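**Student:** Quick one: the structure is below, and I'll ask about it shortly.
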Amino acid sequence: MLLSAPPTSIADLMHRVDTIAGWTLGELAAKFGQVIPENLLHHKGWVGQLLEKVLGADAGNRAIPDFTALHIELKTIPINSQGKPQESTYIAVVPLLGYPDLSWKTSEVRGKLRQVLWVPIEGRGDKPIARRRVGQGLLWFMSPQVEAILQTDWQELMEYVLLGKLAHITGRMGQYLHIRPKAANSRSLTYGIGPEGDIHPTLPRGFYLRTQLTEQILAQKC
DNA sequence: GGATGATCATAT
DNA sequence: ATATGATCATCC
């Protein structure tokens, strides 16, 4: 359910983000009529979904950037008292069967990372959700330097995927971008390419950004 | 303590 | 079943 209309311009969006900087999640939830969960164990996406409502994201669960008219992706990211990201950032599902024109340029990862509105959220774990504070939002445009590294990571990983080497992919691969499970649990199954080029069941995976990159982004170093 | 692998809720 | 939103929890 949309609680805010979609932003009509970048200025509009950034004005909204600037307005809520410094607010606690408790204040935001109250203003937008949202119930604050006790903890996030059973509500892992709650913070991100709250910010979607507040800022007027309109993509729903479609595989496109959150602010559809502006082509901007929204990411909330938990940070510690020093401003460092505390978690990796999920970007997109890994296309395990590939697709016709497999290329970085047309990939969902690139599509989502071209323009990202990062909204840091201070506090995690033991800190009561209502008291966690919204930090200063940052609109980030992927630079050619960062893109070069992401493209290398993506191509290396997708090569494994398409050559049936899914079983050999670990979270240790990739400088900025890596692949990890993205599933309800470890028994979840979808279909991927097997060692013999056959289609066979495998765990769903997602592309995630390492904190090595997001830390630099939040520090406005890239 | 940080990173990798596992997991939870919801919408369609 | 698969996309969205992520954080949890274990291992090193």
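We label chains A, B, ... in the order they appear in the structure tokens, count residues from 1 in each chain, and number ligands from 1 in the order shown.
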Give the residues of chain C that lie within 10 Å of chain A; count only C-alpha atoms (C1' of nucleotides), and format the answer as a list of chain:residue names.
**Tutor:**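 Only these qualify: C:DA1, C:DT2, C:DA3, C:DT4, C:DG5, C:DA6, C:DT7, C:DC8.
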**Student:** Can I get the selected residues back with C-alpha atoms (C1' of nucleotides), as a CSV table (one decimal), in the first residue's frame?
**Tutor:**
```
chain,number,residue,atom,x,y,z
C,1,DA,C1',7.4,-20.5,-7.4
C,2,DT,C1',9.9,-16.2,-7.6
C,3,DA,C1',10.2,-11.6,-7.0
C,4,DT,C1',10.5,-7.9,-3.3
C,5,DG,C1',12.5,-6.2,1.4
C,6,DA,C1',16.7,-7.7,4.0
C,7,DT,C1',18.9,-9.6,8.7
C,8,DC,C1',20.1,-13.7,11.4
```
**Student:** Segment 190-221 of chain A: which residues are alpha helix (DSSP H) by DSSP, as a short mmCIF file (atom, residue, chain, number, x, y, z; two decimals) with C-alpha atoms, in the first residue's frame?
**Tutor:**
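Okay, part05.cif is ready:
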```cif
data_model
loop_
_atom_site.label_atom_id
_atom_site.label_comp_id
_atom_site.auth_asym_id
_atom_site.auth_seq_id
_atom_site.Cartn_x
_atom_site.Cartn_y
_atom_site.Cartn_z
CA THR A 211 30.55 -3.72 2.61
CA GLN A 212 33.97 -2.94 1.12
CA LEU A 213 32.08 -1.08 -1.58
CA THR A 214 29.14 0.30 0.37
CA GLU A 215 31.45 1.70 3.03
CA GLN A 216 33.22 3.74 0.37
CA ILE A 217 29.92 4.86 -1.10
CA LEU A 218 28.57 6.08 2.23
#
```
**Student:** With a distance cut-off of 9 Å and only C-alpha atoms (C1' of nucleotides), select the neighbouring residues of Val119 of chain A, excluding the residue or stretch itself and same-chain residues fewer than 5 positions from it, and output the selection as a VMD selection string.
**Tutor:** chain A and resid 17 21 51 74 to 78 134 to 139
**Student:** With C-alpha atoms retained, could you export that selection as a PDB file, in the first residue's frame?
**Tutor:**
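Dumped everything to out.pdb:
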```pdb
ATOM      1  CA  VAL A  17      14.903  12.207   2.176  1.00  0.00           C
ATOM      2  CA  ALA A  21      17.086  12.614   8.139  1.00  0.00           C
ATOM      3  CA  LEU A  51      11.070   3.684   3.830  1.00  0.00           C
ATOM      4  CA  LEU A  74      16.203   2.552  -2.910  1.00  0.00           C
ATOM      5  CA  LYS A  75      18.426   0.786  -0.387  1.00  0.00           C
ATOM      6  CA  THR A  76      18.273   1.100   3.369  1.00  0.00           C
ATOM      7  CA  ILE A  77      21.504   0.018   4.994  1.00  0.00           C
ATOM      8  CA  PRO A  78      22.247  -0.547   8.676  1.00  0.00           C
ATOM      9  CA  VAL A 134      17.436   7.624   9.861  1.00  0.00           C
ATOM     10  CA  GLY A 135      20.732   9.004   8.612  1.00  0.00           C
ATOM     11  CA  GLN A 136      21.442  11.395   5.766  1.00  0.00           C
ATOM     12  CA  GLY A 137      20.301   9.897   2.463  1.00  0.00           C
ATOM     13  CA  LEU A 138      22.744   9.855  -0.398  1.00  0.00           C
ATOM     14  CA  LEU A 139      22.003   9.671  -4.100  1.00  0.00           C
TER      15      LEU A 139
END
```
**Student:** Quick one: residues within 12 Å of Arg172 of chain A, only C-alpha atoms (C1' of nucleotides) counted, chain neighbours fewer than 4 positions away excluded, as a list of chain:residue names?
**Tutor:**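 Selected residues are A:Asp153, A:Leu157, A:His168, A:Tyr176, A:Leu177, A:His178, A:Ile179, A:Arg180, A:Tyr208, A:Arg210, B:DA3, B:DT4, B:DG5.
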**Student:** Could you turn the residues from that selection into a file that holds C-alpha atoms (C1' of nucleotides), as a tab-separated table (two decimals), in the first residue's frame?
**Tutor:**
```tsv
chain	number	residue	atom	x	y	z
A	153	ASP	CA	32.87	-9.69	-10.85
A	157	LEU	CA	30.35	-15.25	-11.60
A	168	HIS	CA	31.79	-24.25	-7.16
A	176	TYR	CA	32.62	-5.98	-4.73
A	177	LEU	CA	29.84	-8.24	-5.98
A	178	HIS	CA	29.33	-11.78	-4.81
A	179	ILE	CA	26.76	-14.55	-4.84
A	180	ARG	CA	25.09	-16.03	-1.77
A	208	TYR	CA	24.99	-8.95	-3.02
A	210	ARG	CA	30.12	-6.36	-0.09
B	3	DA	C1'	32.16	-12.73	6.35
B	4	DT	C1'	29.62	-16.63	4.47
B	5	DG	C1'	25.75	-19.40	4.36
```
**Student:** Just the number, please: distance in Å from atom CA of Val35 of chain A to atom CA of Lys53 of chain A, one decimal.
**Tutor:**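 Taking atom CA of Val35 of chain A as the start and atom CA of Lys53 of chain A as the end point, the length is 13.0 Å.
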**Student:** Point out the residue among A:Leu96, A:Ala184, A:Ile199, A:Ala57 with the least atom-to-atom distance to DC8 of chain B, counting only C-alpha atoms (C1' of nucleotides).
**Tutor:**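 Closest candidate: A:Ala184.
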**Student:** Which distance in Å separates atom C1' of DT12 of chain B and atom CA of Thr68 of chain A, to one decimal?
**Tutor:**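 Atom C1' of DT12 of chain B sits 18.0 Å away from atom CA of Thr68 of chain A.
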**Student:** Could you jot down the atom CA of Leu166 of chain A to atom CA of Ile149 of chain A separation for me, Å, one decimal place?
**Tutor:**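 Taking atom CA of Leu166 of chain A and atom CA of Ile149 of chain A, their separation equals 21.2 Å.
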**Student:** So which one's closest to chain B, A:Arg131, A:Asn39, A:Ile10, A:Tyr191? Using only C-alpha atoms (C1' of nucleotides), please.
**Tutor:**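 Smallest distance to chain B is found for A:Asn39.
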**Student:** Which of segment 126-168 of chain A end up as strand (DSSP E) when DSSP is run on this backbone - answer as a count of residues only?
**Tutor:** 6
